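Engineer: What follows is a structure written as structure tokens; I'll ask about it next.
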Amino acid sequence: MIALDGHSLDAAGIAALATGRDRAFVPPEGRARAAASAEFAAAESARRVIYGRRTGVGANRDVIWDDPDSHALALLRSHATAHGPLRSAERVRAMLAVRANQLAAGGSGVMPEALDGLAAMLDRNALPPVRELGSIGTGDLPALAMTGLVLVGEIPLYPRIDTIRLGVGDVVGLMSSNAATLADAALAVVAWRSLAEAAVVVGALTFTAVAGNEEAFAPAVETVTPFAGARRVCRVLRELVSPSAPPARLQDPFGLRALPQVHGAALDRVAAAEEVVSAMVNAPSENPVLLPDLGVAHHGGFHAAYLSQALDAAAIALAQTAALSLARVTMFNEPAFTGVAPFLGDGTPGASGVMVVEYVAASALAVLREAAAPVSVQTVTLSRGVEEHASFASLAASNALNTVGYYRTLLACELAAAVRCLRMRGLALPPALAGIAPLLAPLGRDLAVRDLSAELDVAAGSLDELAAFLPA
């Protein structure tokens, strides 16, 4: 069971809840923090004007309402406007987990019954219909307004949940979050991390298959490139690669020689993005924030610049390491590197072997490069000019999630080619990787000219398990 306590949820926990591998609960202290914030909000709004509780929202912030709660349902209805396809159940479950956890952090001023309702949605798999478009990285208003409409019973769902009545302050507080964006980001960085770790194992197989020069990850290289990711790649490759013969070359192509530097940077950037996600899902980012011990603050904490920049950096780093993965796939087509037939063919004159695997890898890389175009430099001015900047973290997160399958495809191409080359050269797996033999058993055994699509599917499906073999 994973606690939605406002303090300890991380990207891995969000992914586990999204996929149904684990269940969530709200501990008493999380609900107590939400209740304390709601009580404080009620007291403060009776004493002073607070945005969204006695005023309109956006450019209507100067409108003072005589009967604020009469506007609550209208705000939900109007802000639920969205378009595009419905998001997957996995993405919506992740959003519910994030939003419930943020409410448990205290600070939203939203009644604790809303936290109970979100937890019930997640537990019963009663999911609001969330459409794709409508967020710009300053709050996922349509997604959370739709969630609010489910909470108040305007949109009935099955399985059913107990409905509640939300005041206008509850509505504004509920919508003031990037929960859907953070959900996508969490799912993306968890998948990125698993694949980036599997890539080191795949790289070790490639090193072995083409007799790479292990000086590329010698202890001295940790001094040359003094960063955590590069040092980890060096240490791991030294553990995984056990050369049985002198290296074939004094200096390898960059695909092998620069693996610690380029892939190490990707590991670091993905880790940094994961840290940003974990920090934001445990922060009360609502505007205004209503903390009994710190007071009321109208602020811009809903602006997700940190997230968009972190995801941009990770996407760029992954595109760079993916380019070197394609370079290694290209090496397998060249007898000067493999010592066997061109394209790892079966020896038949003109056999194409894995020729088209390189094309598949190149097409996947093209998508990764396109997705690496920085999103965080975009902005927009909305709401009669009072909201003149946006992070577009929502786009960065959906782009990140979209890249996962393409990065998986690219690594599958390298893995399939590496195993085929190892078998053709009669090379055994390095001792440290003997445990992955069952995973690789279906690969590279049939060298006949054939459609390799099914083999790539098998390779892609094994990558998450390969990541588990990466030394700490």
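In the structure tokens, chains take letters A, B, ... by order of appearance, with residues numbered from 1 within each chain and ligands from 1 in the order shown.
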Set the distance at 8 Å and use only C-alpha atoms: which residues neighbour Leu149 in chain A once local chain neighbours fewer than 3 positions away are removed? I'd like the list as a PDB file with C-alpha atoms, in the first residue's frame.
Structural biologist:
ATOM      1  CA  LEU A  73     -20.825  24.771 -10.233  1.00  0.00           C
ATOM      2  CA  LEU A  76     -16.499  23.726 -12.806  1.00  0.00           C
ATOM      3  CA  ARG A  77     -18.661  23.593 -15.910  1.00  0.00           C
ATOM      4  CA  ALA A 145     -12.649  20.726 -13.360  1.00  0.00           C
ATOM      5  CA  MET A 146     -13.944  17.521 -14.938  1.00  0.00           C
ATOM      6  CA  VAL A 152     -20.289  16.765  -7.095  1.00  0.00           C
ATOM      7  CA  GLY A 153     -22.270  14.149  -9.020  1.00  0.00           C
ATOM      8  CA  GLU A 154     -22.937  16.131 -12.202  1.00  0.00           C
ATOM      9  CA  ILE A 155     -21.160  13.426 -14.216  1.00  0.00           C
TER      10      ILE A 155
END
Engineer: Any idea what's packed within 10 Å of Gly13 in chain A, counting only C-alpha atoms, ignoring anything in its chain fewer than 2 positions away? Could you give it as a list of chain:residue names?
Structural biologist: A:Met1, A:Ile2, A:Ala3, A:Leu4, A:Ser8, A:Leu9, A:Asp10, A:Ala11, A:Ala15, A:Ala16, A:Leu17, A:Ala18, A:Arg21, A:Asp22, A:Arg23, A:Ala24, A:Ala94, A:Ala97, A:Val98, A:Ala186, A:Leu187, A:Val190, A:Ser278
Engineer: I'd like the contact shell of Leu256 in chain A - 10 Å cut-off, only C-alpha atoms, skipping same-chain residues fewer than 6 positions apart - returned as a ChimeraX atom specification.
Structural biologist: /A:203-204,206-207,210,212-214,216-217,324-325,327-328
Engineer: Could you tell me, as a PyMOL selection string, which residues of range 82-249 of chain A DSSP assigns to helix (DSSP H, G or I) when given the backbone?
Structural biologist: chain A and resi 89-104+112-124+141-151+168-175+179-209+214-217+219-224+228-240
Engineer: Name the residues in contact with range 134-140 of chain A at a cut-off of 8 Å, using only C-alpha atoms, excluding same-chain residues fewer than 6 positions from it; report them as a PyMOL selection string.
Structural biologist: chain A and resi 81-83+175-181+302-305+390-395
Engineer: Per residue of range 219-312 of chain A within 12 Å of range 34-57 of chain A, what are the shortest atom pair and its distance in Å to one decimal, counting only C-alpha atoms, with rows by chain and residue number, as CSV?
Structural biologist:
residue,atom,partner,partner_atom,distance
A:Pro284,CA,A:Ala34,CA,10.3
A:Glu286,CA,A:Gly52,CA,11.2
A:Asn287,CA,A:Tyr51,CA,8.1
A:Pro288,CA,A:Tyr51,CA,6.8
A:Val289,CA,A:Ser37,CA,9.0
A:Leu290,CA,A:Ser37,CA,6.0
A:Leu291,CA,A:Ser37,CA,5.8
A:Pro292,CA,A:Phe40,CA,5.8
A:Asp293,CA,A:Ser37,CA,9.5
A:Leu294,CA,A:Phe40,CA,10.7
A:Gly295,CA,A:Phe40,CA,8.7
A:Val296,CA,A:Glu44,CA,8.1
A:Ala297,CA,A:Ile50,CA,9.3
A:His298,CA,A:Tyr51,CA,7.7
A:His299,CA,A:Tyr51,CA,10.6
Engineer: Suppose we keep all heavy atoms; can you now write the selection as a compact mmCIF listing (two decimals), in the first residue's frame?
Structural biologist:
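File written: result-v2.txt
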# COMPACT_ATOMS: atom_id res chain seq x y z
N PRO A 284 2.25 21.81 -1.76
CA PRO A 284 0.94 22.47 -1.89
C PRO A 284 1.05 23.67 -2.82
O PRO A 284 1.30 24.79 -2.39
CB PRO A 284 0.63 22.88 -0.45
CG PRO A 284 1.97 23.12 0.17
CD PRO A 284 2.92 22.17 -0.49
N GLU A 286 -1.18 25.12 -4.69
CA GLU A 286 -2.41 25.84 -4.99
C GLU A 286 -2.25 27.35 -4.79
O GLU A 286 -1.54 27.80 -3.89
CB GLU A 286 -3.55 25.33 -4.09
CG GLU A 286 -3.87 23.87 -4.27
CD GLU A 286 -2.98 22.93 -3.46
OE1 GLU A 286 -2.20 23.43 -2.61
OE2 GLU A 286 -3.07 21.72 -3.67
N ASN A 287 -2.94 28.10 -5.63
CA ASN A 287 -2.96 29.57 -5.49
C ASN A 287 -4.39 30.02 -5.18
O ASN A 287 -5.31 29.75 -5.97
CB ASN A 287 -2.49 30.24 -6.77
CG ASN A 287 -2.58 31.76 -6.66
OD1 ASN A 287 -2.14 32.33 -5.68
ND2 ASN A 287 -3.18 32.39 -7.66
N PRO A 288 -4.60 30.71 -4.05
CA PRO A 288 -3.60 31.01 -3.03
C PRO A 288 -3.31 29.79 -2.17
O PRO A 288 -4.13 28.88 -2.09
CB PRO A 288 -4.27 32.11 -2.21
CG PRO A 288 -5.73 31.79 -2.32
CD PRO A 288 -5.93 31.29 -3.73
N VAL A 289 -2.16 29.79 -1.53
CA VAL A 289 -1.85 28.73 -0.58
C VAL A 289 -2.32 29.18 0.80
O VAL A 289 -2.19 30.36 1.16
CB VAL A 289 -0.35 28.39 -0.60
CG1 VAL A 289 0.50 29.53 -0.07
CG2 VAL A 289 -0.08 27.10 0.18
N LEU A 290 -2.90 28.25 1.54
CA LEU A 290 -3.52 28.58 2.83
C LEU A 290 -2.98 27.63 3.89
O LEU A 290 -3.50 26.53 4.11
CB LEU A 290 -5.04 28.46 2.71
CG LEU A 290 -5.64 29.41 1.66
CD1 LEU A 290 -6.62 28.69 0.76
CD2 LEU A 290 -6.30 30.60 2.34
N LEU A 291 -1.89 28.04 4.53
CA LEU A 291 -1.19 27.22 5.50
C LEU A 291 -1.37 27.81 6.89
O LEU A 291 -0.97 28.96 7.15
CB LEU A 291 0.30 27.15 5.15
CG LEU A 291 0.63 26.39 3.87
CD1 LEU A 291 2.04 26.70 3.41
CD2 LEU A 291 0.45 24.89 4.08
N PRO A 292 -1.98 27.07 7.80
CA PRO A 292 -2.25 27.62 9.13
C PRO A 292 -1.01 28.16 9.83
O PRO A 292 -1.10 29.15 10.57
CB PRO A 292 -2.84 26.42 9.88
CG PRO A 292 -3.44 25.56 8.81
CD PRO A 292 -2.53 25.71 7.63
N ASP A 293 0.14 27.55 9.61
CA ASP A 293 1.34 27.99 10.31
C ASP A 293 2.12 29.07 9.57
O ASP A 293 3.00 29.71 10.15
CB ASP A 293 2.26 26.80 10.58
CG ASP A 293 2.60 26.02 9.33
OD1 ASP A 293 1.86 26.13 8.34
OD2 ASP A 293 3.62 25.30 9.33
N LEU A 294 1.80 29.31 8.30
CA LEU A 294 2.54 30.29 7.51
C LEU A 294 1.66 31.39 6.93
O LEU A 294 2.18 32.40 6.44
CB LEU A 294 3.29 29.60 6.37
CG LEU A 294 4.40 28.63 6.79
CD1 LEU A 294 4.96 27.91 5.58
CD2 LEU A 294 5.51 29.36 7.53
N GLY A 295 0.35 31.21 6.95
CA GLY A 295 -0.54 32.24 6.48
C GLY A 295 -1.00 32.04 5.04
O GLY A 295 -0.90 30.95 4.47
N VAL A 296 -1.53 33.12 4.48
CA VAL A 296 -2.07 33.12 3.11
C VAL A 296 -1.05 33.77 2.19
O VAL A 296 -0.45 34.79 2.53
CB VAL A 296 -3.39 33.91 3.05
CG1 VAL A 296 -3.95 33.92 1.63
CG2 VAL A 296 -4.41 33.33 4.03
N ALA A 297 -0.88 33.19 1.00
CA ALA A 297 0.01 33.80 0.01
C ALA A 297 -0.59 33.61 -1.38
O ALA A 297 -0.91 32.49 -1.78
CB ALA A 297 1.41 33.20 0.08
N HIS A 298 -0.75 34.72 -2.09
CA HIS A 298 -1.09 34.67 -3.51
C HIS A 298 0.22 34.66 -4.29
O HIS A 298 1.07 35.52 -4.08
CB HIS A 298 -1.94 35.89 -3.88
CG HIS A 298 -3.29 35.90 -3.23
ND1 HIS A 298 -3.50 36.38 -1.96
CD2 HIS A 298 -4.50 35.46 -3.69
CE1 HIS A 298 -4.79 36.26 -1.65
NE2 HIS A 298 -5.42 35.70 -2.68
N HIS A 299 0.39 33.72 -5.17
CA HIS A 299 1.73 33.43 -5.70
C HIS A 299 1.66 32.83 -7.10
O HIS A 299 0.57 32.68 -7.66
CB HIS A 299 2.44 32.43 -4.76
CG HIS A 299 1.70 31.13 -4.66
ND1 HIS A 299 1.93 30.08 -5.52
CD2 HIS A 299 0.73 30.72 -3.81
CE1 HIS A 299 1.12 29.07 -5.20
NE2 HIS A 299 0.38 29.43 -4.17
Engineer: Would you kindly return, as a PyMOL selection string, each protein, DNA or RNA residue with an atom no farther than 12 Å from any atom of range 442-448 of chain A, considering only C-alpha atoms and excluding same-chain residues fewer than 3 positions away?
Structural biologist: chain A and resi 341+343-348+351-354+412-426+436-439+451-462
Engineer: Just checking: using only C-alpha atoms, which residue out of A:Ala100, A:Thr208, A:Asp123, A:Ala80 ends up closest to Gly148 in chain A?
Structural biologist: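 Closest to Gly148 in chain A of all the choices is A:Ala80.
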Engineer: I'd like to know which of A:Gly300, A:Pro471, A:Gly435, A:Gly264 is closest to Gly229 in chain A, using only C-alpha atoms.
Structural biologist: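 Nearest to Gly229 in chain A: A:Gly264.
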Engineer: Mind the document's chain letters and residue numbers, and return as a PyMOL selection string the residues of range 257-464 of chain A that DSSP labels strand (DSSP E or B).
Structural biologist: chain A and resi 289-291+295-297+382+387
Engineer: Let's have the selection written as a PDB file, in the first residue's frame, with C-alpha atoms.
Structural biologist:
ATOM      1  CA  VAL A 289      -1.853  28.728  -0.583  1.00  0.00           C
ATOM      2  CA  LEU A 290      -3.523  28.577   2.830  1.00  0.00           C
ATOM      3  CA  LEU A 291      -1.190  27.224   5.500  1.00  0.00           C
ATOM      4  CA  GLY A 295      -0.540  32.243   6.476  1.00  0.00           C
ATOM      5  CA  VAL A 296      -2.072  33.120   3.113  1.00  0.00           C
ATOM      6  CA  ALA A 297       0.008  33.802   0.015  1.00  0.00           C
ATOM      7  CA  LEU A 382      -4.085  34.700 -22.118  1.00  0.00           C
ATOM      8  CA  GLU A 387      -1.644  35.787 -17.557  1.00  0.00           C
TER       9      GLU A 387
END
Engineer: Under the rule that only C-alpha atoms are counted, which of A:Leu250, A:Leu318, A:Ala198, A:Val168 is the nearest residue to Glu465 in chain A?
Structural biologist: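 Of A:Leu250, A:Leu318, A:Ala198, A:Val168, the one nearest Glu465 in chain A, counting only C-alpha atoms, is A:Ala198.
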Engineer: Let me make sure I understand: among A:Ala72, A:Val241, A:Leu205, A:Ala191, which one has the smallest atom-to-atom distance to Val172 in chain A if we use only C-alpha atoms?
Structural biologist: A:Ala72
Engineer: Can you list, as an MDAnalysis selection string, every protein, DNA or RNA residue that comes within 9 Å of Pro85 in chain A when you count only C-alpha atoms, leaving out same-chain residues fewer than 4 positions away?
Structural biologist: chainID A and resid 130:133
Engineer: Store the residues picked out above, limited to N, CA and C atoms, as a short mmCIF file (atom, residue, chain, number, x, y, z; two decimals), in the first residue's frame.
Structural biologist:
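Generated output (again_28.cif):
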data_model
loop_
_atom_site.label_atom_id
_atom_site.label_comp_id
_atom_site.auth_asym_id
_atom_site.auth_seq_id
_atom_site.Cartn_x
_atom_site.Cartn_y
_atom_site.Cartn_z
N VAL A 130 -11.10 12.51 -19.00
CA VAL A 130 -10.17 13.63 -19.18
C VAL A 130 -9.70 13.65 -20.63
N ARG A 131 -9.90 14.77 -21.30
CA ARG A 131 -9.47 14.89 -22.69
C ARG A 131 -8.10 15.54 -22.78
N GLU A 132 -7.50 15.46 -23.94
CA GLU A 132 -6.08 15.76 -24.08
C GLU A 132 -5.73 17.23 -23.98
N LEU A 133 -6.48 18.10 -24.60
CA LEU A 133 -6.04 19.48 -24.76
C LEU A 133 -6.72 20.43 -23.78
#
Engineer: Using only C-alpha atoms, can you tell me which of A:Ala468, A:Leu411, A:Ala373, A:Ala120 comes closest to Val202 in chain A?
Structural biologist: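 Smallest distance to Val202 in chain A is found for A:Leu411.
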